[in-house]
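File shown here: data_18.cif, holding mmCIF, C-alpha atoms.
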```cif
data_query
#
loop_
_atom_site.label_atom_id
_atom_site.label_comp_id
_atom_site.auth_asym_id
_atom_site.auth_seq_id
_atom_site.Cartn_x
_atom_site.Cartn_y
_atom_site.Cartn_z
CA MET A 1 -16.59 -0.29 -26.88
CA ASP A 2 -13.33 1.27 -28.04
CA LEU A 3 -10.93 0.92 -25.11
CA ARG A 4 -8.02 2.66 -26.79
CA THR A 5 -8.93 6.13 -25.52
CA ARG A 6 -11.15 6.78 -22.53
CA ASN A 7 -11.38 9.96 -20.47
CA ILE A 8 -10.55 8.80 -16.96
CA PRO A 9 -9.08 11.42 -14.19
CA HIS A 10 -6.67 9.94 -11.70
CA ALA A 11 -5.28 11.04 -8.45
CA ARG A 12 -2.02 12.95 -8.29
CA ASN A 13 0.17 12.20 -5.30
CA LEU A 14 -1.60 13.89 -2.38
CA CYS A 15 1.56 14.66 -0.43
CA LEU A 16 4.90 14.99 -2.14
CA ALA A 17 6.54 15.84 1.15
CA VAL A 18 5.47 12.47 2.47
CA LEU A 19 7.26 10.69 -0.30
CA VAL A 20 10.40 12.41 0.83
CA ALA A 21 9.63 11.42 4.41
CA LEU A 22 8.77 7.86 3.41
CA VAL A 23 5.57 8.08 5.42
CA SER A 24 2.10 7.45 4.02
CA CYS A 25 -0.27 10.34 3.45
CA THR A 26 -2.96 8.34 5.21
CA PRO A 27 -2.55 5.07 7.08
CA ARG A 28 -2.14 2.02 4.87
CA GLY A 29 -5.47 0.65 3.82
CA ALA A 30 -7.28 3.90 4.55
CA PRO A 31 -9.16 5.54 1.67
CA PRO A 32 -8.58 9.25 1.01
CA GLU A 33 -10.88 11.48 3.08
CA ALA A 34 -11.53 13.85 0.18
CA PRO A 35 -11.43 13.63 -3.61
CA ALA A 36 -7.84 13.38 -4.77
CA GLU A 37 -6.18 15.84 -7.10
CA GLU A 38 -6.19 14.85 -10.74
CA PHE A 39 -2.98 13.87 -12.43
CA THR A 40 -2.24 13.62 -16.12
CA GLU A 41 -3.26 10.74 -18.33
CA LEU A 42 -2.23 7.13 -17.89
CA ARG A 43 -0.66 5.77 -21.06
CA LEU A 44 0.19 2.15 -21.85
CA THR A 45 2.54 1.28 -24.73
CA ARG A 46 2.78 -2.33 -25.86
CA ALA A 47 6.19 -3.95 -25.41
CA ALA A 48 7.88 -7.34 -25.72
CA PHE A 49 9.24 -9.44 -22.88
CA SER A 50 12.69 -9.10 -24.44
CA GLU A 51 12.50 -5.37 -23.67
CA LEU A 52 12.20 -6.02 -19.91
CA THR A 53 15.72 -5.79 -18.49
CA ASN A 54 16.90 -9.20 -17.19
CA TRP A 55 13.43 -10.72 -17.65
CA PHE A 56 14.85 -14.07 -18.79
CA GLU A 57 17.26 -14.27 -15.82
CA THR A 58 14.78 -13.27 -13.11
CA ASP A 59 13.11 -15.77 -10.80
CA THR A 60 9.33 -15.39 -11.17
CA GLY A 61 8.47 -18.06 -8.57
CA GLU A 62 7.42 -15.74 -5.73
CA ALA A 63 5.36 -13.58 -8.08
CA PHE A 64 3.68 -16.71 -9.43
CA ALA A 65 2.77 -17.82 -5.90
CA ALA A 66 1.42 -14.34 -5.16
CA LEU A 67 -0.62 -14.41 -8.38
CA LEU A 68 -2.23 -17.70 -7.33
CA ARG A 69 -3.37 -16.02 -4.12
CA SER A 70 -4.74 -13.07 -6.11
CA CYS A 71 -6.55 -15.51 -8.39
CA GLY A 72 -8.42 -16.81 -5.36
CA ALA A 73 -9.80 -13.30 -4.81
CA ILE A 74 -10.46 -12.64 -8.50
CA THR A 75 -12.34 -15.87 -9.22
CA ALA A 76 -14.57 -15.27 -6.17
CA MET A 77 -15.91 -12.11 -7.85
CA PRO A 78 -18.88 -12.06 -10.26
CA GLY A 79 -17.71 -12.75 -13.81
CA ASP A 80 -19.26 -9.57 -15.19
CA ALA A 81 -17.64 -7.36 -12.55
CA SER A 82 -15.07 -4.83 -13.75
CA MET A 83 -11.54 -5.06 -12.45
CA THR A 84 -10.31 -1.99 -10.58
CA GLY A 85 -8.10 0.53 -12.30
CA ALA A 86 -8.27 3.01 -15.14
CA GLY A 87 -10.42 0.92 -17.46
CA TYR A 88 -7.82 -1.35 -19.06
CA GLY A 89 -8.31 -4.22 -16.59
CA GLY A 90 -11.37 -5.60 -18.35
CA LYS A 91 -13.86 -7.94 -16.72
CA VAL A 92 -13.27 -10.66 -14.15
CA SER A 93 -14.36 -13.21 -16.75
CA GLU A 94 -11.35 -12.22 -18.88
CA TRP A 95 -9.00 -13.05 -16.00
CA VAL A 96 -10.54 -16.40 -15.04
CA PRO A 97 -8.88 -18.32 -17.95
CA VAL A 98 -5.51 -16.90 -16.86
CA CYS A 99 -6.12 -18.14 -13.32
CA THR A 100 -7.23 -21.53 -14.60
CA ALA A 101 -4.03 -21.83 -16.63
CA ALA A 102 -1.94 -20.81 -13.61
CA ALA A 103 -3.48 -23.57 -11.49
CA ASN A 104 -2.10 -26.15 -13.94
CA VAL A 105 1.51 -24.90 -13.88
CA SER A 106 4.08 -26.79 -11.81
CA ARG A 107 5.47 -24.78 -8.90
CA ASP A 108 8.67 -26.82 -9.15
CA ASP A 109 9.52 -25.64 -12.65
CA GLY A 110 10.84 -22.09 -12.81
CA GLY A 111 10.95 -22.18 -16.60
CA ALA A 112 7.32 -23.25 -16.79
CA MET A 113 6.25 -20.34 -14.59
CA ARG A 114 8.09 -17.84 -16.78
CA ILE A 115 6.61 -19.41 -19.92
CA PHE A 116 3.16 -19.10 -18.31
CA PHE A 117 3.55 -15.34 -17.92
CA GLU A 118 4.83 -15.02 -21.49
CA ALA A 119 1.96 -17.10 -22.88
CA GLU A 120 -0.87 -15.50 -20.92
CA PHE A 121 0.14 -11.83 -20.75
CA VAL A 122 1.33 -8.92 -22.87
CA PRO A 123 3.63 -6.33 -21.22
CA TYR A 124 2.87 -2.63 -21.53
CA TRP A 125 5.18 0.17 -20.41
CA VAL A 126 3.30 2.55 -18.11
CA ALA A 127 3.59 6.32 -18.46
CA GLU A 128 1.93 9.31 -16.87
CA GLY A 129 1.42 11.58 -19.84
CA GLU A 130 4.60 11.24 -21.84
CA SER A 131 6.84 10.28 -18.92
CA GLU A 132 7.69 6.71 -17.92
CA ALA A 133 9.67 7.95 -14.91
CA GLY A 134 8.21 6.97 -11.57
CA LEU A 135 8.87 6.78 -7.84
CA PHE A 136 9.12 3.53 -5.86
CA THR A 137 9.20 3.23 -2.08
CA GLY A 138 8.87 0.37 0.39
CA TYR A 139 6.92 -0.77 3.42
CA PHE A 140 7.16 -3.64 5.87
CA GLU A 141 5.55 -5.33 8.85
CA PRO A 142 7.21 -4.12 12.08
CA GLU A 143 7.72 -6.26 15.17
CA LEU A 144 6.75 -4.90 18.59
CA ARG A 145 6.70 -6.11 22.18
CA GLY A 146 3.38 -6.10 23.97
CA SER A 147 1.25 -7.27 26.86
CA LEU A 148 -2.43 -8.02 27.35
CA LEU A 149 -2.22 -6.13 30.66
CA ARG A 150 -1.04 -2.58 31.29
CA HIS A 151 1.93 -2.71 33.64
CA GLY A 152 5.58 -1.72 33.86
CA GLU A 153 6.91 -0.60 30.50
CA PHE A 154 3.76 -1.68 28.64
CA GLN A 155 1.81 1.58 28.80
CA THR A 156 0.87 2.48 25.22
CA PRO A 157 -2.49 1.01 24.17
CA LEU A 158 -3.48 -0.24 20.74
CA TYR A 159 -7.16 0.60 20.38
CA GLY A 160 -9.86 -1.34 18.57
CA LEU A 161 -12.52 0.42 16.52
CA PRO A 162 -14.50 2.81 18.75
CA ALA A 163 -18.17 1.97 19.12
CA ASP A 164 -19.15 5.56 18.26
CA LEU A 165 -16.97 5.88 15.14
CA VAL A 166 -19.09 6.40 12.03
CA SER A 167 -17.65 5.83 8.56
CA VAL A 168 -19.55 7.31 5.61
CA ASP A 169 -19.16 6.12 2.01
CA LEU A 170 -19.59 9.37 0.08
CA GLY A 171 -20.09 7.45 -3.16
CA LEU A 172 -23.54 6.45 -1.89
CA PHE A 173 -24.52 10.13 -2.08
CA ARG A 174 -22.54 11.45 -5.05
CA GLU A 175 -21.26 9.29 -7.90
CA ASN A 176 -18.24 11.53 -8.42
CA LEU A 177 -17.17 10.77 -4.83
CA THR A 178 -17.02 7.00 -5.33
CA GLY A 179 -14.25 5.53 -3.21
CA GLN A 180 -14.11 8.52 -0.85
CA ARG A 181 -15.07 8.26 2.84
CA LEU A 182 -15.53 10.44 5.89
CA ALA A 183 -15.19 9.32 9.48
CA GLY A 184 -16.50 10.98 12.61
CA ARG A 185 -19.11 10.68 15.34
CA VAL A 186 -22.76 11.70 15.54
CA GLN A 187 -23.41 14.57 17.93
CA GLU A 188 -26.87 16.11 18.27
CA GLY A 189 -27.90 14.67 14.93
CA SER A 190 -24.84 15.89 13.01
CA LEU A 191 -21.67 14.13 11.94
CA VAL A 192 -18.71 15.88 13.57
CA PRO A 193 -14.96 15.17 13.39
CA TYR A 194 -13.66 12.42 15.62
CA ASP A 195 -11.00 12.96 18.29
CA THR A 196 -7.54 13.87 17.02
CA ARG A 197 -4.33 12.09 17.91
CA PRO A 198 -3.36 14.46 20.74
CA GLU A 199 -6.89 14.22 22.17
CA ILE A 200 -6.77 10.42 22.10
CA THR A 201 -3.26 10.10 23.54
CA ARG A 202 -4.04 12.52 26.37
CA ARG A 203 -7.60 11.54 27.30
CA GLY A 204 -7.90 7.97 26.03
CA LEU A 205 -11.03 6.54 24.40
CA GLU A 206 -13.91 5.29 26.50
CA GLN A 207 -15.69 3.99 23.40
CA ALA A 208 -12.80 1.80 22.23
CA GLU A 209 -11.34 -1.39 23.67
CA GLU A 210 -7.68 -1.33 24.64
CA LEU A 211 -6.63 -4.48 22.80
CA LEU A 212 -3.12 -4.69 24.22
CA TYR A 213 -0.26 -2.48 25.37
CA VAL A 214 3.16 -2.00 23.77
CA ASP A 215 6.37 -0.82 25.39
CA ASP A 216 7.27 2.05 23.06
CA PRO A 217 4.98 4.90 21.89
CA ILE A 218 7.24 5.59 18.92
CA ASP A 219 6.94 1.95 17.81
CA ALA A 220 3.16 2.31 18.15
CA PHE A 221 3.23 5.44 15.98
CA PHE A 222 5.17 3.75 13.20
CA LEU A 223 2.92 0.69 13.46
CA GLN A 224 0.07 3.02 12.51
CA ILE A 225 2.03 4.22 9.49
CA GLN A 226 2.64 0.69 8.23
CA GLY A 227 -0.94 -0.36 8.94
CA SER A 228 -0.15 -3.75 10.45
CA GLY A 229 2.56 -5.42 12.49
CA ARG A 230 3.43 -8.35 14.70
CA VAL A 231 3.38 -8.11 18.48
CA GLN A 232 5.25 -10.58 20.65
CA LEU A 233 3.45 -11.04 23.94
CA GLU A 234 5.04 -11.80 27.29
CA ASP A 235 4.36 -15.53 27.01
CA GLY A 236 6.32 -15.66 23.74
CA SER A 237 3.28 -15.95 21.48
CA VAL A 238 2.95 -13.62 18.50
CA VAL A 239 -0.22 -11.95 17.21
CA ARG A 240 -0.85 -9.61 14.32
CA ALA A 241 -2.22 -6.11 14.81
CA SER A 242 -4.11 -5.37 11.59
CA TYR A 243 -5.54 -2.09 10.34
CA ALA A 244 -9.25 -1.79 11.22
CA GLY A 245 -9.97 1.90 10.60
CA HIS A 246 -8.90 5.44 11.51
CA ASN A 247 -10.30 8.62 12.95
CA GLY A 248 -10.85 10.37 9.63
CA HIS A 249 -8.35 13.17 10.10
CA PRO A 250 -5.85 13.78 7.28
CA TYR A 251 -2.32 12.54 7.78
CA THR A 252 0.47 15.06 8.41
CA ALA A 253 3.91 13.69 7.62
CA ILE A 254 6.22 14.38 10.55
CA GLY A 255 9.18 14.14 8.19
CA ALA A 256 7.80 17.14 6.33
CA VAL A 257 7.37 18.96 9.66
CA LEU A 258 11.03 18.34 10.52
CA ILE A 259 12.07 19.67 7.11
CA ALA A 260 9.95 22.79 7.59
CA ARG A 261 11.51 23.33 11.02
CA GLU A 262 14.99 22.83 9.49
CA GLU A 263 15.65 19.98 11.89
CA LEU A 264 16.44 17.61 9.00
CA ALA A 265 17.57 18.26 5.44
CA ARG A 266 15.22 17.01 2.76
CA GLU A 267 17.82 14.65 1.31
CA ASP A 268 18.47 13.10 4.75
CA VAL A 269 14.89 12.24 5.65
CA SER A 270 14.06 8.55 6.07
CA MET A 271 12.21 6.46 8.60
CA GLN A 272 15.55 5.87 10.32
CA SER A 273 16.48 9.56 10.50
CA ILE A 274 13.03 10.46 11.85
CA ARG A 275 13.37 7.78 14.54
CA GLY A 276 16.82 9.06 15.34
CA TRP A 277 15.52 12.59 15.84
CA LEU A 278 12.70 11.37 18.09
CA SER A 279 15.15 9.38 20.23
CA ALA A 280 17.57 12.31 20.47
CA ASN A 281 14.82 14.78 21.43
CA PRO A 282 12.56 12.93 23.89
CA SER A 283 11.12 16.12 25.41
CA GLU A 284 9.92 17.25 21.97
CA ALA A 285 8.93 13.85 20.59
CA GLN A 286 5.28 13.86 21.66
CA ASP A 287 4.71 17.36 20.30
CA LEU A 288 6.07 16.22 16.93
CA LEU A 289 3.86 13.12 16.88
CA ASP A 290 0.87 15.30 17.76
CA GLN A 291 1.34 17.28 14.53
CA ASN A 292 -0.25 14.24 12.87
CA ALA A 293 -3.95 14.33 13.81
CA SER A 294 -4.66 10.97 12.16
CA TYR A 295 -4.98 7.94 14.43
CA VAL A 296 -5.31 4.26 13.47
CA PHE A 297 -7.40 1.56 15.15
CA PHE A 298 -6.57 -2.14 14.99
CA SER A 299 -7.91 -5.64 15.24
CA ILE A 300 -5.89 -8.49 16.74
CA GLU A 301 -5.58 -11.62 14.64
CA PRO A 302 -3.74 -14.91 15.00
CA LEU A 303 -0.55 -15.33 12.99
CA ASP A 304 -1.53 -18.14 10.62
CA ASP A 305 1.52 -18.39 8.34
CA PRO A 306 4.60 -16.52 9.62
CA ALA A 307 6.08 -16.57 6.11
CA LEU A 308 3.30 -14.35 4.77
CA GLY A 309 2.39 -10.77 5.54
CA ALA A 310 -0.91 -9.23 6.52
CA ARG A 311 -3.77 -9.13 4.05
CA GLY A 312 -3.55 -6.28 1.58
CA THR A 313 -6.39 -4.34 0.03
CA GLN A 314 -7.18 -7.23 -2.31
CA GLY A 315 -7.81 -9.41 0.74
CA VAL A 316 -4.92 -11.83 0.24
CA PRO A 317 -1.73 -12.21 2.33
CA LEU A 318 1.24 -10.21 1.09
CA THR A 319 4.45 -11.83 -0.14
CA ALA A 320 7.83 -10.23 0.56
CA GLU A 321 9.40 -8.74 -2.59
CA ALA A 322 6.46 -10.01 -4.66
CA SER A 323 3.57 -7.81 -3.49
CA LEU A 324 3.17 -4.22 -4.63
CA ALA A 325 0.92 -1.41 -3.42
CA VAL A 326 -0.40 0.66 -6.33
CA ASP A 327 -2.93 3.38 -7.04
CA ALA A 328 -6.08 1.30 -7.57
CA SER A 329 -7.63 4.07 -9.64
CA ALA A 330 -4.83 3.43 -12.14
CA HIS A 331 -4.12 -0.31 -12.00
CA PRO A 332 -6.25 -3.40 -11.35
CA LEU A 333 -5.48 -5.33 -8.18
CA GLY A 334 -4.11 -8.73 -9.11
CA ALA A 335 -2.18 -7.47 -12.14
CA PRO A 336 1.46 -8.58 -12.53
CA ILE A 337 3.74 -5.54 -12.67
CA TRP A 338 7.38 -5.52 -13.74
CA LEU A 339 9.63 -3.01 -11.95
CA GLU A 340 12.98 -1.65 -13.05
CA THR A 341 14.37 0.41 -10.18
CA THR A 342 17.04 0.29 -7.47
CA VAL A 343 17.06 -0.43 -3.74
CA PRO A 344 19.36 0.74 -0.90
CA ARG A 345 20.82 -2.53 0.36
CA SER A 346 23.54 -1.07 2.61
CA ASP A 347 25.20 2.26 3.32
CA GLN A 348 22.80 3.90 0.88
CA ALA A 349 24.41 1.94 -1.97
CA GLN A 350 21.80 1.36 -4.68
CA THR A 351 21.54 -2.05 -6.31
CA PRO A 352 19.40 -2.89 -9.36
CA PHE A 353 15.94 -4.28 -8.68
CA HIS A 354 14.39 -5.88 -11.77
CA ARG A 355 11.50 -8.00 -10.61
CA LEU A 356 7.93 -9.11 -11.23
CA LEU A 357 5.44 -8.30 -8.47
CA ILE A 358 1.67 -8.54 -8.11
CA ALA A 359 -0.52 -5.51 -7.37
CA GLN A 360 -2.23 -6.58 -4.13
CA ASP A 361 -2.38 -3.51 -1.93
CA THR A 362 -2.92 0.25 -1.84
CA GLY A 363 -1.70 3.09 0.36
CA GLY A 364 -2.67 6.67 1.07
CA ALA A 365 0.52 8.08 -0.49
CA ILE A 366 0.50 5.73 -3.47
CA ARG A 367 -0.99 8.05 -6.06
CA GLY A 368 -0.06 8.12 -9.71
CA ALA A 369 0.25 5.96 -12.77
CA VAL A 370 3.97 5.18 -12.29
CA ARG A 371 4.05 4.77 -8.53
CA GLY A 372 4.54 1.70 -6.35
CA ASP A 373 5.31 0.63 -2.80
CA ILE A 374 7.16 -2.67 -2.44
CA TYR A 375 6.31 -4.93 0.50
CA TRP A 376 9.65 -6.06 1.95
CA GLY A 377 8.53 -8.48 4.63
CA VAL A 378 8.83 -8.56 8.41
CA GLY A 379 11.21 -7.14 10.98
CA GLU A 380 14.26 -4.96 11.28
CA GLU A 381 16.09 -6.01 8.11
CA ALA A 382 12.99 -5.43 5.98
CA GLY A 383 12.46 -2.12 7.74
CA GLU A 384 16.01 -0.98 6.95
CA VAL A 385 15.38 -1.36 3.22
CA ALA A 386 11.80 -0.08 3.27
CA GLY A 387 12.63 2.92 5.42
CA ARG A 388 15.40 4.14 3.13
CA MET A 389 13.86 3.33 -0.24
CA ARG A 390 12.97 6.29 -2.45
CA SER A 391 14.02 5.20 -5.90
CA ALA A 392 13.39 6.35 -9.42
CA GLY A 393 12.45 3.76 -12.00
CA LYS A 394 9.86 2.58 -14.46
CA MET A 395 7.24 -0.13 -14.64
CA ALA A 396 5.38 -2.35 -17.07
CA VAL A 397 2.01 -3.93 -16.41
CA LEU A 398 1.23 -7.39 -17.74
CA VAL A 399 -2.22 -7.47 -19.35
CA PRO A 400 -4.08 -10.72 -20.18
CA ARG A 401 -3.82 -11.40 -23.91
CA ALA A 402 -7.60 -11.38 -24.41
CA ILE A 403 -7.73 -7.84 -23.02
CA ALA A 404 -4.62 -6.74 -24.91
CA GLU A 405 -6.37 -7.63 -28.18
CA ASN A 406 -9.01 -5.01 -27.36
CA ILE A 407 -6.78 -2.19 -26.14
CA GLY A 408 -4.30 -2.49 -29.00
CA GLU A 409 -0.79 -1.05 -29.15
CA ILE A 410 -1.51 2.07 -27.07
CA PHE A 411 -4.07 2.68 -24.34
CA VAL A 412 -4.74 6.18 -23.03
CA SER A 413 -6.93 6.94 -20.04
CA ASP A 414 -7.65 10.28 -18.37
CA ARG A 415 -10.90 9.67 -16.49
CA PRO A 416 -11.35 7.87 -13.15
CA GLY A 417 -12.26 4.21 -13.26
CA PRO A 418 -13.52 1.68 -13.11
#
```
Rewritten as structure tokens:
Amino acid sequence: MDLRTRNIPHARNLCLAVLVALVSCTPRGAPPEAPAEEFTELRLTRAAFSELTNWFETDTGEAFAALLRSCGAITAMPGDASMTGAGYGGKVSEWVPVCTAAANVSRDDGGAMRIFFEAEFVPYWVAEGESEAGLFTGYFEPELRGSLLRHGEFQTPLYGLPADLVSVDLGLFRENLTGQRLAGRVQEGSLVPYDTRPEITRRGLEQAEELLYVDDPIDAFFLQIQGSGRVQLEDGSVVRASYAGHNGHPYTAIGAVLIAREELAREDVSMQSIRGWLSANPSEAQDLLDQNASYVFFSIEPLDDPALGARGTQGVPLTAEASLAVDASAHPLGAPIWLETTVPRSDQAQTPFHRLLIAQDTGGAIRGAVRGDIYWGVGEEAGEVAGRMRSAGKMAVLVPRAIAENIGEIFVSDRPGP
């Protein structure tokens, strides 16, 4: 098969306003509820490692560790299975030798890890159509305070999956809807929409377990945006609230609502400015939150390794500044991706960010060939960077050499994969 040109449609960003608001179109980990808009072709152009800015000075250790975790997921798949993405990812069997080679590299030798990437992969600049310009944002794992019992300040429940929530894989009925889902409940033999956010917050959910209670409804709202977080209980123990599902309603970005109401200027919108507005306008806060009909349900898990994040879409724990959420219709999960962008470290000052990350996650607003969401880690400091990040940049994907031999110097794809 000639892999150089294949007709594969992708998804254009479903909500540009959300990118401005730094809030996901749908909760993290949630598939789109309807077929996504097409965007223009994905184009890969072969490059050399010497073309990657500061490649030879950059520490690849964290990315290497993240790749080893991805290899655990990849090698557990059938060898003839196709990797996700727009068709350039090849078969699992073509990645297994890379993973085998990685297992034999010393984690104590930074030079050896860099040489491994250079020996096993070929970099390709990524473009959407003719443009290599992209948008890069950030996300993190928030920390909340909670209780197993509702009392005092702990009044906001985190719900588990409702017993009457039905999730439908539309791809089982129409091939062109592969990857799309609907959620709702069965009523008199028909699937109807599930309760909206305002209905849930006002009436509660008899069909869902109240897993625990947190002390701040705004923290609970932003936990749903991030998809997972850590909750410190009253006895000092810490558990993880992980995304388990959502009510099927489309996400409305409250940052976009504030822009439309002229409460915030577009250029001033960030997670921090949205929080600031909610705190300054407590009587209007709930009405604003209710503009978002989407609602996320959780599962409670033990915190195994505090140094690692929650499991991403690939099923492996995320690594701070080494895990990247991508559009899985464009890029295979597990692929190393080189970013050249900037990050707001303090006072909105932008500093260069040239780094290798591994594609291990997805997100509702992460749509496009040159689009990524960097996982920044846990807590307030990570949230400060993630909440303000909205940076232009470009990216290169590292393709296993065996696959690069087949796709040649240029790969063009404009049809959905795999």
**OP:** Let me know the residues the PyMOL selection byres ((chain A and resi 41-44) around 6) catches in the file above, as a PyMOL selection string.
**Re:** chain A and resi 40+45+124-129+369+410-414
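Considering the residues A:Thr313, A:Met113, A:Glu267, A:Pro142 and counting only C-alpha atoms, Ala73 of chain A has its shortest atom-to-atom contact with A:Thr313.
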**OP:** Please identify all polymer residues within 6 Å of segment 240-242 of chain A, counting only C-alpha atoms, omitting same-chain residues fewer than 3 positions from it, and present them as a PyMOL selection string.
**Re:** chain A and resi 228-230+298-301+303
Which residues would end up in the selection if the PyMOL selection byres ((chain A and resi 335-342) around 8) were applied here, given that I need the answer as a PDB file with C-alpha atoms, in the coordinates of the input?
```
ATOM      1  CA  LEU A  52      12.200  -6.020 -19.910  1.00  0.00           C
ATOM      2  CA  THR A  53      15.720  -5.790 -18.490  1.00  0.00           C
ATOM      3  CA  ALA A  63       5.360 -13.580  -8.080  1.00  0.00           C
ATOM      4  CA  LEU A  67      -0.620 -14.410  -8.380  1.00  0.00           C
ATOM      5  CA  PHE A 136       9.120   3.530  -5.860  1.00  0.00           C
ATOM      6  CA  HIS A 331      -4.120  -0.310 -12.000  1.00  0.00           C
ATOM      7  CA  PRO A 332      -6.250  -3.400 -11.350  1.00  0.00           C
ATOM      8  CA  LEU A 333      -5.480  -5.330  -8.180  1.00  0.00           C
ATOM      9  CA  GLY A 334      -4.110  -8.730  -9.110  1.00  0.00           C
ATOM     10  CA  VAL A 343      17.060  -0.430  -3.740  1.00  0.00           C
ATOM     11  CA  PRO A 344      19.360   0.740  -0.900  1.00  0.00           C
ATOM     12  CA  GLN A 350      21.800   1.360  -4.680  1.00  0.00           C
ATOM     13  CA  THR A 351      21.540  -2.050  -6.310  1.00  0.00           C
ATOM     14  CA  PRO A 352      19.400  -2.890  -9.360  1.00  0.00           C
ATOM     15  CA  PHE A 353      15.940  -4.280  -8.680  1.00  0.00           C
ATOM     16  CA  HIS A 354      14.390  -5.880 -11.770  1.00  0.00           C
ATOM     17  CA  ARG A 355      11.500  -8.000 -10.610  1.00  0.00           C
ATOM     18  CA  LEU A 356       7.930  -9.110 -11.230  1.00  0.00           C
ATOM     19  CA  LEU A 357       5.440  -8.300  -8.470  1.00  0.00           C
ATOM     20  CA  ILE A 358       1.670  -8.540  -8.110  1.00  0.00           C
ATOM     21  CA  ALA A 359      -0.520  -5.510  -7.370  1.00  0.00           C
ATOM     22  CA  SER A 391      14.020   5.200  -5.900  1.00  0.00           C
ATOM     23  CA  ALA A 392      13.390   6.350  -9.420  1.00  0.00           C
ATOM     24  CA  GLY A 393      12.450   3.760 -12.000  1.00  0.00           C
ATOM     25  CA  LYS A 394       9.860   2.580 -14.460  1.00  0.00           C
ATOM     26  CA  MET A 395       7.240  -0.130 -14.640  1.00  0.00           C
ATOM     27  CA  ALA A 396       5.380  -2.350 -17.070  1.00  0.00           C
ATOM     28  CA  VAL A 397       2.010  -3.930 -16.410  1.00  0.00           C
ATOM     29  CA  LEU A 398       1.230  -7.390 -17.740  1.00  0.00           C
ATOM     30  CA  VAL A 399      -2.220  -7.470 -19.350  1.00  0.00           C
TER      31      VAL A 399
END
```
Counting all atoms listed in the file, which residues of segment 276-312 of chain A sit at most 8 Å from some atom of segment 245-256 of chain A, and what is each one's closest atom pair with its distance in Å to one decimal, listed by chain and rising residue number, as JSON lines?
```
{"residue": "A:Leu288", "atom": "CA", "partner": "A:Ile254", "partner_atom": "CA", "distance": 6.6}
{"residue": "A:Leu289", "atom": "CA", "partner": "A:Ile254", "partner_atom": "CA", "distance": 6.9}
{"residue": "A:Gln291", "atom": "CA", "partner": "A:Thr252", "partner_atom": "CA", "distance": 6.6}
{"residue": "A:Asn292", "atom": "CA", "partner": "A:Thr252", "partner_atom": "CA", "distance": 4.6}
{"residue": "A:Ala293", "atom": "CA", "partner": "A:His249", "partner_atom": "CA", "distance": 5.9}
{"residue": "A:Ser294", "atom": "CA", "partner": "A:His249", "partner_atom": "CA", "distance": 4.8}
{"residue": "A:Tyr295", "atom": "CA", "partner": "A:His246", "partner_atom": "CA", "distance": 5.5}
{"residue": "A:Val296", "atom": "CA", "partner": "A:His246", "partner_atom": "CA", "distance": 4.3}
{"residue": "A:Phe297", "atom": "CA", "partner": "A:Gly245", "partner_atom": "CA", "distance": 5.2}
{"residue": "A:Phe298", "atom": "CA", "partner": "A:Gly245", "partner_atom": "CA", "distance": 6.9}
```
Kindly resolve the PyMOL selection byres ((chain A and resi 219-222) around 10) on the present coordinates and return the residues as a compact mmCIF listing (two decimals) with C-alpha atoms, in the frame of the given file.
```txt
# COMPACT_ATOMS: atom_id res chain seq x y z
CA VAL A 23 5.57 8.08 5.42
CA PRO A 27 -2.55 5.07 7.08
CA PRO A 142 7.21 -4.12 12.08
CA GLU A 143 7.72 -6.26 15.17
CA LEU A 144 6.75 -4.90 18.59
CA ARG A 145 6.70 -6.11 22.18
CA THR A 156 0.87 2.48 25.22
CA PRO A 157 -2.49 1.01 24.17
CA LEU A 158 -3.48 -0.24 20.74
CA TYR A 213 -0.26 -2.48 25.37
CA VAL A 214 3.16 -2.00 23.77
CA ASP A 215 6.37 -0.82 25.39
CA ASP A 216 7.27 2.05 23.06
CA PRO A 217 4.98 4.90 21.89
CA ILE A 218 7.24 5.59 18.92
CA LEU A 223 2.92 0.69 13.46
CA GLN A 224 0.07 3.02 12.51
CA ILE A 225 2.03 4.22 9.49
CA GLN A 226 2.64 0.69 8.23
CA GLY A 227 -0.94 -0.36 8.94
CA SER A 228 -0.15 -3.75 10.45
CA GLY A 229 2.56 -5.42 12.49
CA MET A 271 12.21 6.46 8.60
CA ARG A 275 13.37 7.78 14.54
CA LEU A 289 3.86 13.12 16.88
CA ASN A 292 -0.25 14.24 12.87
CA TYR A 295 -4.98 7.94 14.43
CA VAL A 296 -5.31 4.26 13.47
```
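Using all atoms listed in the file, the nearest neighbour of Ala310 of chain A within the list A:Glu188, A:Asp361, A:Ser279, A:Ala86 is A:Asp361.
The point (-0.5, -3.1, 32.6) has these residues within 12 Å of it, counting only C-alpha atoms: Gly146, Ser147, Leu148, Leu149, Arg150, His151, Gly152, Glu153, Phe154, Gln155, Thr156, Pro157, Glu210, Leu211, Leu212, Tyr213, Val214, Asp215 and Glu234 of chain A.
Atom CA of Gly276 of chain A lies 16.7 Å from atom CA of Glu381 of chain A.
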Original post:
Can you tell me how far atom CA of Pro400 of chain A sits from atom CA of Cys99 of chain A, in Å to one decimal?
Top reply: 10.3 Å
Centre and edges of the segment 402-413 of chain A box, axis-aligned, 3 Å extra per side, as JSON:
```
{"center_x": -4.9, "center_y": -2.2, "center_z": -24.6, "size_x": 14.2, "size_y": 24.3, "size_z": 15.1}
```
